[in-house]
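Undergrad: One structure, as structure tokens, below. Some questions next.
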Amino acid sequence: MIHDPRAETLDRAAREALQLERLRATLAWAVERVTFHRARLAGLRLDSLADLAGLPLMRKSDLREHYPFGLFAVERRELARIHASSGTKGKPTVVGYTAGDLDVWREVMARAMTAAGCRAGETLHVAFGYGLFTGGLGFHDGAERLGMAVVPVSSGNTARHILLLQDFRPAGFCATPSFALHIAETLEQQGGDPRGLGLRYGMYGAEPWTEGMRTALERAFGCPAYDVYGLSEIIGPGVAGECEAREGLHIADDHFLPEVVDPASGAVLPPGREGELVLTSLTKRAIPMIRYRTGDITTLTDTPCRCGRTTARMARVKGRSDDMLIIKGVNLYPSEVEATLLDVEELVPHYQLVVDRSGTLARLEVQVEPATAVVERCGGFDPRHPTLVALHRRVGERLSKAIGLSVELTLVAPRTVPRSEGKAVRVVEKG
Ligand SMILES: [Zn+2]
């Protein structure tokens with residue numbers, strides 16, 4: 001089922017014509033209303049979509065430097081909502097929405113959620129955080145737009161999630177992948193069965209995750225896991241989402257124009273080439289974003305999808321450009337380690353990368369837990385037990401082969417890798 005067949009199945013010529021028209025309007029709006037854009041873009045002309053590549057890129061630091069409202073294109077009284085990032089690296093990044101912007105957000109969320117199986121009359125359990133973070137309210141508003149009943153539980157408080165999931169029996173569930181697995185694991189420890197919750201679909205996002213994580217989530221809950229992508233600087237969740245084909249995420253590209261650039265040079269890369277996703281808002285009024293570097297590493301494809309939607313699609317995000325580790329000269333994303341670890345049934349899907357920069361070259365230690373059943377078979381956790389020694393060797397070899405780098409692998413005792421009730425912390429610095 002397609003939420004808005006007219007917008008989601010436009011043929012290429014009609015889509016590009018609409019994008020160019022909206023891009024020109026956005027540029028004019030930004031130049032007229034925002035000093036920052038006027039200084040960079042005044043006098044520029046767009047004869048085709050390809051001319052976009054000649055415009056300067058925006059970064060997260062531009063938002064911080066114009067804190068709080070310097071990039072806003074509307075008066076304060078025209079705003080309907082303000083969100084902000086957590087601001088762990090200094091001042092938060094602040095984003096605003098007009099009533100019309102919120103309407104676009106609800107609509108693109110409704111598209112992504114319909115693609116994942118959400119239907120009017122069903123109940124959705126929201127385990128994304130509510131508040132300044134856009135995750136909770138994004139799914140909440142999208143579900144209401146679809147005519148669903150929303151249970152706005154928010155993140156944290158695992159016990160309450162379990163109680164409500166068991167007693168309300170929602171059709172759908174949404175969370176960060178790591179928090180979802182934590183809920184499943186906790187329920188299992190209480191003797192319950194997450195598959196018995198009767199969930200029919202799960203929607204996951206807000207942190208990069210892999211096909212291995214998808215398998216783990218689907219095994220845990222016994223229902224399909226869909227990837228929903230977004231970021232508050234562009235609108236929040238709903239920029240893109242997977243359909244039943246699950247061969248990339250459909251981008252709402254009548255509202256957000258995607259490009260992929262070389263993270264080092266900023267040069268635009270052709271479809272199929274991996275690089276950093278750059279997005280331009282096409283309809284947003286409160287805070288137009290022109291060529292915004294998302295930091296997310298992905299590839300684009302414009303080949304037709306068997307679901308019938310004709311939008312551009314992006315591959316699931318491999319990682320964030322600032323999460324990339326350089327270990328002994330090799331570029332590595334935590335998701336590449338995850339892909340190998342989650343493929344091993346004798347391990348639980350919780351892991352952590354410990355980076356030690358005390359020497360001249362950074363060293364990487366990968367910590368992962370053996371599955372409870374394996375530990376029980378060994379009569380307790382003892383890394384010297386032959387079964388665990390063999391497991392350690394096998395996983396170590398697979399990991400080194402997969403990432404082209406010899407890493408220090410440590411099997412740690414059950415429940416020692418920190419569990420997340422929000423976004424998982426995959427990489428920690430030693431010392
Ligand atoms: Zn599709």
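By order of appearance in the structure tokens: chains A, B, ..., then residues from 1 within every chain, and ligands from 1 in the order shown.
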Applying 12 Å and only C-alpha atoms, which residues near Val344 (chain A) remain after dropping the ones on its own chain fewer than 3 positions away? List them as a ChimeraX atom specification.
TA: /A:212-213,215-216,337-341,347-350,368-371,391-392,394-396,398-399
Undergrad: Pick out the residues no farther than 6 Å from ligand 1, counting only C-alpha atoms and all ligand atoms, and list them as a PyMOL selection string.
TA: chain A and resi 243+245+305-307+309
Undergrad: Enumerate as a ChimeraX atom specification all residues of region 180-373 of chain A assigned to helix (DSSP H, G or I) by DSSP on the backbone, naming them with the chain letters and numbers the document uses.
TA: /A:180-189,194-197,211-221,321-323,334-341,372-373
Undergrad: Counting only C-alpha atoms, which of A:Ala220, A:Leu124, A:Leu364, A:Met324 gets nearest to Arg169 (chain A)?
TA: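 Once distances to Arg169 (chain A) are computed over only C-alpha atoms, the minimum belongs to A:Leu124.
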Undergrad: Which residue gives the smallest distance to Ser232 (chain A) among A:Leu18, A:Ala252, A:Leu137, A:Ala127, with only C-alpha atoms counted?
TA: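 Among A:Leu18, A:Ala252, A:Leu137, A:Ala127, it is A:Leu137 that comes nearest to Ser232 (chain A).
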Undergrad: Which residues, written as a PyMOL selection string, have at least one atom at most 12 Å from Val150 (chain A), with only C-alpha atoms counted and residues fewer than 5 positions away on the same chain left out?
TA: chain A and resi 118-127+136-145+168+170-174
Undergrad: Go ahead and dump the residues you just picked, N, CA, C and O atoms, as a compact mmCIF listing (two decimals), in the first residue's frame.
TA:
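This is the output file result_17.txt:
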# COMPACT_ATOMS: atom_id res chain seq x y z
N CYS A 118 2.11 0.12 8.59
CA CYS A 118 1.16 0.77 9.50
C CYS A 118 -0.17 1.03 8.79
O CYS A 118 -0.19 1.43 7.64
N ARG A 119 -1.26 0.83 9.51
CA ARG A 119 -2.59 1.03 8.94
C ARG A 119 -3.50 1.72 9.96
O ARG A 119 -3.32 1.57 11.17
N ALA A 120 -4.48 2.46 9.45
CA ALA A 120 -5.47 3.11 10.30
C ALA A 120 -6.13 2.07 11.20
O ALA A 120 -6.35 0.93 10.78
N GLY A 121 -6.42 2.47 12.43
CA GLY A 121 -7.13 1.58 13.34
C GLY A 121 -6.21 0.71 14.19
O GLY A 121 -6.65 0.11 15.17
N GLU A 122 -4.92 0.66 13.81
CA GLU A 122 -3.98 -0.15 14.59
C GLU A 122 -3.37 0.69 15.72
O GLU A 122 -3.48 1.90 15.73
N THR A 123 -2.69 -0.01 16.62
CA THR A 123 -2.03 0.68 17.74
C THR A 123 -0.51 0.63 17.53
O THR A 123 0.03 -0.41 17.15
N LEU A 124 0.13 1.78 17.77
CA LEU A 124 1.59 1.85 17.66
C LEU A 124 2.21 2.21 19.01
O LEU A 124 1.82 3.18 19.64
N HIS A 125 3.18 1.41 19.41
CA HIS A 125 3.94 1.64 20.66
C HIS A 125 5.21 2.41 20.29
O HIS A 125 6.05 1.90 19.55
N VAL A 126 5.35 3.64 20.80
CA VAL A 126 6.51 4.46 20.45
C VAL A 126 7.53 4.42 21.60
O VAL A 126 7.25 4.89 22.70
N ALA A 127 8.71 3.84 21.30
CA ALA A 127 9.78 3.75 22.30
C ALA A 127 10.96 4.66 21.94
O ALA A 127 12.05 4.51 22.49
N GLY A 136 10.55 10.66 18.89
CA GLY A 136 9.25 10.31 19.46
C GLY A 136 8.10 11.05 18.80
O GLY A 136 7.14 10.44 18.31
N LEU A 137 8.21 12.37 18.75
CA LEU A 137 7.10 13.15 18.19
C LEU A 137 6.93 12.92 16.69
O LEU A 137 5.81 12.99 16.17
N GLY A 138 8.03 12.62 15.99
CA GLY A 138 7.93 12.33 14.56
C GLY A 138 7.04 11.12 14.30
O GLY A 138 6.09 11.16 13.50
N PHE A 139 7.31 10.01 14.98
CA PHE A 139 6.49 8.81 14.81
C PHE A 139 5.08 9.04 15.35
O PHE A 139 4.10 8.57 14.77
N HIS A 140 4.99 9.77 16.44
CA HIS A 140 3.68 10.05 17.05
C HIS A 140 2.76 10.75 16.05
O HIS A 140 1.63 10.33 15.79
N ASP A 141 3.28 11.85 15.46
CA ASP A 141 2.47 12.64 14.53
C ASP A 141 2.13 11.85 13.26
O ASP A 141 1.03 11.96 12.73
N GLY A 142 3.11 11.07 12.78
CA GLY A 142 2.86 10.27 11.58
C GLY A 142 1.75 9.25 11.82
O GLY A 142 0.87 9.03 10.98
N ALA A 143 1.79 8.63 13.01
CA ALA A 143 0.78 7.62 13.34
C ALA A 143 -0.61 8.26 13.46
O ALA A 143 -1.61 7.70 12.99
N GLU A 144 -0.67 9.45 14.08
CA GLU A 144 -1.96 10.13 14.19
C GLU A 144 -2.50 10.50 12.81
O GLU A 144 -3.70 10.38 12.54
N ARG A 145 -1.58 10.94 11.94
CA ARG A 145 -2.00 11.28 10.58
C ARG A 145 -2.64 10.07 9.88
O ARG A 145 -3.58 10.20 9.12
N PHE A 168 -1.11 -4.18 26.14
CA PHE A 168 -1.82 -3.44 25.09
C PHE A 168 -1.79 -4.17 23.74
O PHE A 168 -2.59 -3.90 22.88
N PRO A 170 0.14 -3.96 20.90
CA PRO A 170 0.11 -3.12 19.71
C PRO A 170 0.47 -3.91 18.45
O PRO A 170 1.12 -4.96 18.56
N ALA A 171 0.04 -3.40 17.29
CA ALA A 171 0.42 -4.04 16.03
C ALA A 171 1.87 -3.71 15.69
O ALA A 171 2.60 -4.54 15.16
N GLY A 172 2.28 -2.47 16.02
CA GLY A 172 3.60 -2.02 15.64
C GLY A 172 4.37 -1.41 16.79
O GLY A 172 3.80 -1.05 17.83
N PHE A 173 5.66 -1.31 16.58
CA PHE A 173 6.59 -0.90 17.63
C PHE A 173 7.69 -0.11 16.94
O PHE A 173 8.07 -0.42 15.82
N CYS A 174 8.18 0.97 17.58
CA CYS A 174 9.33 1.66 16.99
C CYS A 174 10.29 2.10 18.08
O CYS A 174 9.87 2.49 19.18
Undergrad: Name the residues of region 25-272 of chain A that fall into strand (DSSP E) according to DSSP on the backbone, using the chain letters and numbers of this document, as number ranges by chain.
TA: A: 79-84, 94-98, 123-126, 149-152, 172-175, 201-204, 225-231, 236-242, 249-251, 256-261
Undergrad: Could you check which of A:Glu429, A:Glu365, A:Glu32, A:Asp382 is closest to Leu409 (chain A), using only C-alpha atoms?
TA: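 For Leu409 (chain A), the nearest of the candidates is A:Glu365.
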